[in-house]
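Right, one structure below, let's go through it.
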Amino acid sequence: MLALPMVLSNITVPLLGLVDTIVIGHLDKAYYLGGVAVGATIISLIFWLLGFLRMSTTGLAAQAFGAGDEAKLLQVLVRGLVLAWGLALVILLLQKPIIDVAFWLMGGSDLVQQYARDYVSVRIWSAPAALSNLVLLGWLLGNQNARAPMLLLILGNGVNIVLDVWFVLGLGWQVKGAAAASVLADYLATALGAWLVWRTLQKRAIWPKAGFWTTCLNLAAFKQLLGLNRDIFIRALCLQLTFAFMTIQGARLGDEVLAANAVLMNFLMFISFGLDGFAYAVEAMVGRAVGARSRLEFRLACGLNLFWGALVALLFVLVFALLGPELIGLITTITEVRDQAVRYLPWLVLMPLAACWCFILDGIFIGTTRGTEMRDMMLISTFGVFFPVWYFSQELGNHGLWFSMLCFMLARGLTLGCAWWRLERGQGFISHDDVTREKHHV
């Protein structure tokens with residue numbers, strides 16, 4: 001099954017953030033932790049806004065794989081990498097105005113901003129590697145290969161963790177050390193990802209044929225790709241806006257609340273990336289089903305991943321309910337930060353069951369390359385639920401902020417569920433004509 005290795009490897013992503021937080025959290029001041037929180041949020045906002053590079057690559061590659069179209073598989077890879085390199089170049093050329101605007105929006109105390117700038121000024125140079133990794137990961141996953149993405153994520157994040165501890169605690173580089181560790185690990189992961197892709201191409205003898213480059217790089221093909229990516233970009237923008245808003249509002253509530261939220265957001269990342277393992281799996285599985293025109297395979301993939309995703313969500317609830325205070329104590333020794341984090345922990349305990357549905361349903365829509373529905377449901381959840389709920393509950397302070405996030409996750413699942421049900425009751429993700437052809441084929 002694709003899901004299990006992706007869940008296990010995905011856990012290394014928030015584990016890296018957790019190690020960052022633990023290492024910095026054991027320094028003597030809250031503003032170090034606040035600086036990493038703000039800096040990492042800005043980098044996440046920049047890089048994960050471009051997460052469509054992985055999502056669109058996975059969906060398109062899985063459909064090409066299901067259809068047995070090897071020429072299209074190679075085209076998906078090349079177009080994704082060209083787009084990733086172009087966007088990385090834009091980020092590096094425009095880094096100063098991008099960073100200035102981000103800090104203007106984020107706020108925070110002078111010391112928090114100072115250390116956040118230290119972090120971002122180093123980490124921004126991983127852009128070419130980080131964006132290439134999104135494409136390489138998506139392409140390998142679209143080829144129904146869970147082992148290669150697992151190696152890519154575990155090795156990249158494992159090296160990052162080791163370097164993190166060495167640079168920050170061993171060499172005393174503080175916030176810049178955490179950023180440098182991430183940069184080096186991203187480039188190492190790119191080298192490994194390129195090798196894994198090359199092995200896949202060699203094994204299946206997939207090489208450019210006559211006319212490949214003309215077909216691959218024509219403007220009409222890129223226009224279609226950009227249309228899909230535009231919708232996923234808008235969806236990612238809304239998602240990152242809500243997470244950035246959590247950091248912005250936390251910064252306005254004080255350095256201790258900001259640092260406490262950083263601790264809890266690391267736990268939320270554990271939940272997100274753990275459940276995203278099922279989303280990655282369902283993207284590849286339903287994409288293959290669409291390419292093969294198999295409605296039975298499509299529905300089986302949806303049902304299995306929704307079921308197991310819910311079970312994993314229940315496990316997260318139990319872990320945070322029973323061990324939450326102890327886990328917080330492991331992350332930071334700063335008493336004020338620890339007390340604040342425990343105070344808001346109950347919201348995190350409720351989060352997995354509220355969030356599990358939206359992650360897996362996202363995967364279904366990505367695998368079927370239906371970006372429009374994803375975009376529309378995210379817009380409703382963000383501007384119709386998250387911000388209105390926060391506006392009317394802001395007197396509750398940080399409790400109102402976490403309540404807004406809980407409602408946002410619920411809204412995402414409900415709106416995507418309604419869209420999924422409507423499509424299945426109608427023509428469906430795979431047309432009736434395709435099902436008829438499938439039956440005749442059998």
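Following the order of the structure tokens, chains are lettered A, B, ..., residues in each are numbered from 1, and ligands are numbered from 1.
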Mind dumping a table of every region 62-175 of chain A residue within 10 Å of region 365-369 of chain A, with the nearest atom pair and its distance in Å to one decimal, using only C-alpha atoms, sorted by chain and rising number, as CSV?
```
residue,atom,partner,partner_atom,distance
A:Ala62,CA,A:Gly367,CA,7.3
A:Gln63,CA,A:Gly367,CA,7.8
A:Gly142,CA,A:Gly367,CA,8.8
```
Shell around Ala185 (chain A) at 7 Å using only C-alpha atoms, local window under 3 positions removed, as a VMD selection string: chain A and resid 156 to 157 159 to 160 181 to 182 188 to 189
Would you give me, as CSV, each residue of region 289-327 of chain A having an atom within 9 Å of an atom of region 272-280 of chain A, along with its shortest atom pair and that distance in Å to one decimal, using only C-alpha atoms and sorting by chain and residue number?
```
residue,atom,partner,partner_atom,distance
A:Asn305,CA,A:Phe278,CA,5.9
A:Leu306,CA,A:Phe278,CA,8.1
A:Trp308,CA,A:Phe278,CA,8.0
A:Gly309,CA,A:Leu275,CA,6.2
A:Ala310,CA,A:Leu275,CA,8.8
A:Val312,CA,A:Leu275,CA,7.5
A:Ala313,CA,A:Leu275,CA,7.5
```
10 Å contact set for Val38 (chain A), only C-alpha atoms, chain neighbours under 3 positions out, as number ranges by chain: A: 33-35, 41-44, 102-103, 106-108, 112-113, 115-117, 119-120, 244, 247-248, 251, 258-259, 262
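Rounded to one decimal, CA of Met351 (chain A) and CA of Met55 (chain A) lie 23.6 Å from each other.
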Shortest interatomic distance to Phe270 (chain A) - which of A:Arg235, A:Pro352, A:Ala71, A:Cys216, counting only C-alpha atoms: A:Pro352
Given only C-alpha atoms as the counted atoms, nearest of A:Leu237, A:Asp255, A:Ile232, A:Trp104 to Ile46 (chain A):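 Smallest separation from Ile46 (chain A) among the options: A:Leu237.
CA of Thr190 (chain A) sits 15.6 Å away from CA of Ile124 (chain A).
Among the candidate residues A:Gly363, A:Gly51, A:Gly384, A:Gly291, the one lying nearest to Phe65 (chain A) is A:Gly291, with distances computed using only C-alpha atoms.
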